[in-house]
$ cat entry-v9.pdb   # PDB, C-alpha atoms, pLDDT in the B column
MODEL        1
ATOM      1  CA  MET D  66     181.516  84.641  79.674  1.00 57.00           C
ATOM      2  CA  ARG D  67     181.680  88.406  79.924  1.00 67.00           C
ATOM      3  CA  PRO D  68     180.113  90.080  82.960  1.00 66.00           C
ATOM      4  CA  ALA D  69     177.682  92.076  80.773  1.00 69.00           C
ATOM      5  CA  GLN D  70     176.450  88.957  79.007  1.00 75.00           C
ATOM      6  CA  LEU D  71     176.160  87.152  82.340  1.00 66.00           C
ATOM      7  CA  ALA D  72     174.062  90.015  83.715  1.00 65.00           C
ATOM      8  CA  VAL D  73     171.766  89.939  80.678  1.00 63.00           C
ATOM      9  CA  ASN D  74     171.299  86.169  80.963  1.00 70.00           C
ATOM     10  CA  LEU D  75     170.600  86.463  84.693  1.00 61.00           C
ATOM     11  CA  LEU D  76     168.093  89.239  84.088  1.00 66.00           C
ATOM     12  CA  PHE D  77     166.370  87.150  81.421  1.00 65.00           C
ATOM     13  CA  LEU D  78     166.123  84.119  83.707  1.00 64.00           C
ATOM     14  CA  LEU D  79     164.745  86.211  86.566  1.00 67.00           C
ATOM     15  CA  SER D  80     162.114  87.851  84.370  1.00 70.00           C
ATOM     16  CA  ALA D  81     161.087  84.500  82.848  1.00 62.00           C
ATOM     17  CA  GLY D  82     160.868  82.935  86.313  1.00 59.00           C
ATOM     18  CA  GLY D  83     158.805  85.859  87.580  1.00 55.00           C
ATOM     19  CA  THR D  84     156.431  85.523  84.650  1.00 52.00           C
ATOM     20  CA  LEU D  85     155.965  81.821  85.356  1.00 50.00           C
ATOM     21  CA  CYS D  86     155.275  82.503  89.039  1.00 52.00           C
ATOM     22  CA  VAL D  87     152.687  85.145  88.212  1.00 50.00           C
ATOM     23  CA  GLY D  88     151.102  82.847  85.631  1.00 47.00           C
ATOM     24  CA  GLY D  89     150.920  80.053  88.191  1.00 48.00           C
ATOM     25  CA  ALA D  90     149.302  82.325  90.746  1.00 51.00           C
ATOM     26  CA  ARG D  91     146.700  83.471  88.244  1.00 48.00           C
ATOM     27  CA  ALA D  92     145.974  79.909  87.160  1.00 52.00           C
ATOM     28  CA  ASP D  93     145.230  78.801  90.723  1.00 56.00           C
ATOM     29  CA  GLY D  94     142.789  81.574  91.560  1.00 57.00           C
ATOM     30  CA  ASP D  95     139.541  80.487  93.216  1.00 58.00           C
ATOM     31  CA  PRO D  96     138.315  77.401  91.379  1.00 58.00           C
ATOM     32  CA  ALA D  97     135.312  76.846  93.631  1.00 59.00           C
ATOM     33  CA  PRO D  98     132.695  78.609  91.462  1.00 67.00           C
ATOM     34  CA  THR D  99     133.747  76.613  88.399  1.00 75.00           C
ATOM     35  CA  TYR D 100     133.568  73.334  90.291  1.00 78.00           C
ATOM     36  CA  GLN D 101     130.207  74.291  91.747  1.00 75.00           C
ATOM     37  CA  ARG D 102     128.801  74.969  88.280  1.00 73.00           C
ATOM     38  CA  GLU D 103     130.153  71.687  86.975  1.00 82.00           C
ATOM     39  CA  ARG D 104     128.640  69.875  89.965  1.00 80.00           C
ATOM     40  CA  ALA D 105     125.276  71.552  89.329  1.00 75.00           C
ATOM     41  CA  MET D 106     125.410  70.581  85.662  1.00 78.00           C
ATOM     42  CA  GLN D 107     126.031  66.951  86.623  1.00 85.00           C
ATOM     43  CA  LYS D 108     123.291  67.064  89.239  1.00 84.00           C
ATOM     44  CA  TYR D 109     120.741  68.412  86.758  1.00 85.00           C
ATOM     45  CA  LYS D 110     121.981  66.679  83.599  1.00 86.00           C
ATOM     46  CA  GLY D 111     118.618  64.948  83.056  1.00 84.00           C
ATOM     47  CA  CYS D 112     116.728  68.240  83.190  1.00 86.00           C
ATOM     48  CA  ASN D 113     115.279  69.486  79.907  1.00 90.00           C
ATOM     49  CA  TRP D 114     115.225  73.208  79.154  1.00 91.00           C
ATOM     50  CA  THR D 115     111.729  74.675  78.917  1.00 92.00           C
ATOM     51  CA  ASP D 116     110.247  77.995  77.808  1.00 95.00           C
ATOM     52  CA  ASP D 117     109.389  78.806  81.437  1.00 94.00           C
ATOM     53  CA  MET D 118     113.046  78.370  82.364  1.00 93.00           C
ATOM     54  CA  GLY D 119     114.076  80.685  79.536  1.00 94.00           C
ATOM     55  CA  LYS D 120     111.626  83.340  80.699  1.00 96.00           C
ATOM     56  CA  TYR D 121     112.877  82.999  84.277  1.00 95.00           C
ATOM     57  CA  VAL D 122     116.516  83.475  83.204  1.00 94.00           C
ATOM     58  CA  TYR D 123     115.574  86.442  81.031  1.00 94.00           C
ATOM     59  CA  GLU D 124     113.730  88.156  83.886  1.00 95.00           C
ATOM     60  CA  CYS D 125     116.591  87.474  86.288  1.00 94.00           C
ATOM     61  CA  ILE D 126     119.165  88.955  83.917  1.00 94.00           C
ATOM     62  CA  LYS D 127     116.897  91.930  83.275  1.00 94.00           C
ATOM     63  CA  ARG D 128     116.516  92.497  87.038  1.00 93.00           C
ATOM     64  CA  ASN D 129     120.311  92.461  87.414  1.00 92.00           C
ATOM     65  CA  ASP D 130     120.957  94.819  84.463  1.00 92.00           C
ATOM     66  CA  GLY D 131     122.756  92.129  82.489  1.00 88.00           C
ATOM     67  CA  PHE D 132     125.071  91.062  85.300  1.00 88.00           C
ATOM     68  CA  GLY D 133     125.218  87.698  87.034  1.00 84.00           C
ATOM     69  CA  THR D 134     124.106  85.583  84.113  1.00 86.00           C
ATOM     70  CA  HIS D 135     125.840  82.489  85.519  1.00 84.00           C
ATOM     71  CA  TRP D 136     124.025  82.903  88.814  1.00 87.00           C
ATOM     72  CA  CYS D 137     120.715  83.425  87.060  1.00 90.00           C
ATOM     73  CA  TYR D 138     121.284  80.210  85.130  1.00 88.00           C
ATOM     74  CA  ASP D 139     122.233  78.304  88.296  1.00 86.00           C
ATOM     75  CA  GLU D 140     119.214  79.703  90.137  1.00 89.00           C
ATOM     76  CA  THR D 141     116.952  78.615  87.283  1.00 91.00           C
ATOM     77  CA  LEU D 142     118.290  75.072  87.437  1.00 88.00           C
ATOM     78  CA  GLU D 143     117.775  74.988  91.196  1.00 89.00           C
ATOM     79  CA  GLN D 144     114.254  76.354  90.809  1.00 91.00           C
ATOM     80  CA  PHE D 145     112.899  74.195  87.978  1.00 91.00           C
ATOM     81  CA  CYS D 146     114.951  71.010  87.711  1.00 89.00           C
ATOM     82  CA  PRO D 147     114.255  69.222  91.019  1.00 88.00           C
ATOM     83  CA  ALA D 148     110.520  69.007  90.282  1.00 86.00           C
ATOM     84  CA  GLN D 149     111.193  67.901  86.705  1.00 84.00           C
ATOM     85  CA  LEU D 150     113.685  65.228  87.792  1.00 83.00           C
ATOM     86  CA  GLU D 151     111.352  64.016  90.557  1.00 86.00           C
ATOM     87  CA  ALA D 152     108.516  63.626  88.045  1.00 85.00           C
ATOM     88  CA  ALA D 153     110.834  61.653  85.758  1.00 82.00           C
ATOM     89  CA  LYS D 154     111.813  59.339  88.634  1.00 82.00           C
ATOM     90  CA  LYS D 155     108.169  58.725  89.504  1.00 84.00           C
ATOM     91  CA  ALA D 156     107.358  57.924  85.886  1.00 82.00           C
ATOM     92  CA  ALA D 157     110.310  55.537  85.686  1.00 81.00           C
ATOM     93  CA  SER D 158     109.339  53.769  88.903  1.00 82.00           C
ATOM     94  CA  GLN D 159     105.749  53.160  87.740  1.00 77.00           C
ATOM     95  CA  PRO D 160     105.470  49.613  86.422  1.00 70.00           C
ATOM     96  CA  ALA D 161     104.759  49.483  82.740  1.00 62.00           C
ATOM     97  CA  GLY D 162     101.587  47.764  81.589  1.00 59.00           C
ATOM     98  CA  ALA D 163     101.901  44.068  80.993  1.00 57.00           C
ATOM     99  CA  ASP D 164     102.892  43.256  77.450  1.00 62.00           C
ATOM    100  CA  LYS D 165     100.529  41.105  75.486  1.00 67.00           C
ATOM    101  CA  PRO D 166     101.778  37.566  75.207  1.00 66.00           C
ATOM    102  CA  THR D 167     102.659  36.456  71.740  1.00 67.00           C
ATOM    103  CA  ASN D 168     100.896  33.397  70.377  1.00 66.00           C
TER     104      ASN D 168
ENDMDL
END
$ encode --input "entry-v9.pdb" --output "structure tokens"
Amino acid sequence: MRPAQLAVNLLFLLSAGGTLCVGGARADGDPAPTYQRERAMQKYKGCNWTDDMGKYVYECIKRNDGFGTHWCYDETLEQFCPAQLEAAKKAASQPAGADKPTN
């Protein structure tokens, strides 16, 4: 192999390796916020969206000039869903009326 071709191949391998390293560093990043959102979604998966929740998110986004929409959404879930889920648990734990016996 000629020295010029060897240099070109070496340069190509170094640039490709550098690109992969940078790509790997960018992919790692800080995954915590994503995992926290996924955890919140699982925690509040039985929560139904209401008009009051929509108004709350809208006001939050308006207060923040359109920034922080994810945080407004998370805050809304934290604000409204625990009471809704608690009410659903209470309703589920109440014994249902006795069914009429069939004759």
$ axis_aligned_box --input "entry-v9.pdb" --around "stretch 116-135 of chain D" --padding-each-side "3 Å" --output "AutoDock Vina command-line options"
--center_x 117.6 --center_y 86.4 --center_z 82.6 --size_x 22.5 --size_y 22.8 --size_z 15.6
$ atom_distance --input "entry-v9.pdb" --atom1 "atom CA of D:Ala156" --atom2 "atom CA of D:Glu140"
25.2 Å
$ residues_around --input "entry-v9.pdb" --residues "stretch 145-147 of chain D" --least-positions-apart "3" --cutoff "10 Å" --atoms "all atoms listed in the file" --output "ChimeraX atom specification"
/D:108-115,117-118,121,140-142,150-153
$ closest_residue --input "entry-v9.pdb" --among "D:Asp130, D:Ser158, D:Tyr138, D:Asn74" --to "D:Arg102" --atoms "all atoms listed in the file"
D:Tyr138
$ atom_distance --input "entry-v9.pdb" --atom1 "atom CA of D:Val122" --atom2 "atom CA of D:Ala157"
28.7 Å
$ atom_distance --input "entry-v9.pdb" --atom1 "atom CA of D:Cys137" --atom2 "atom CA of D:Tyr100"
16.7 Å
$ closest_residue --input "entry-v9.pdb" --among "D:Asn129, D:Asp139, D:Gln144, D:Lys154" --to "D:Met106" --atoms "only C-alpha atoms"
D:Asp139
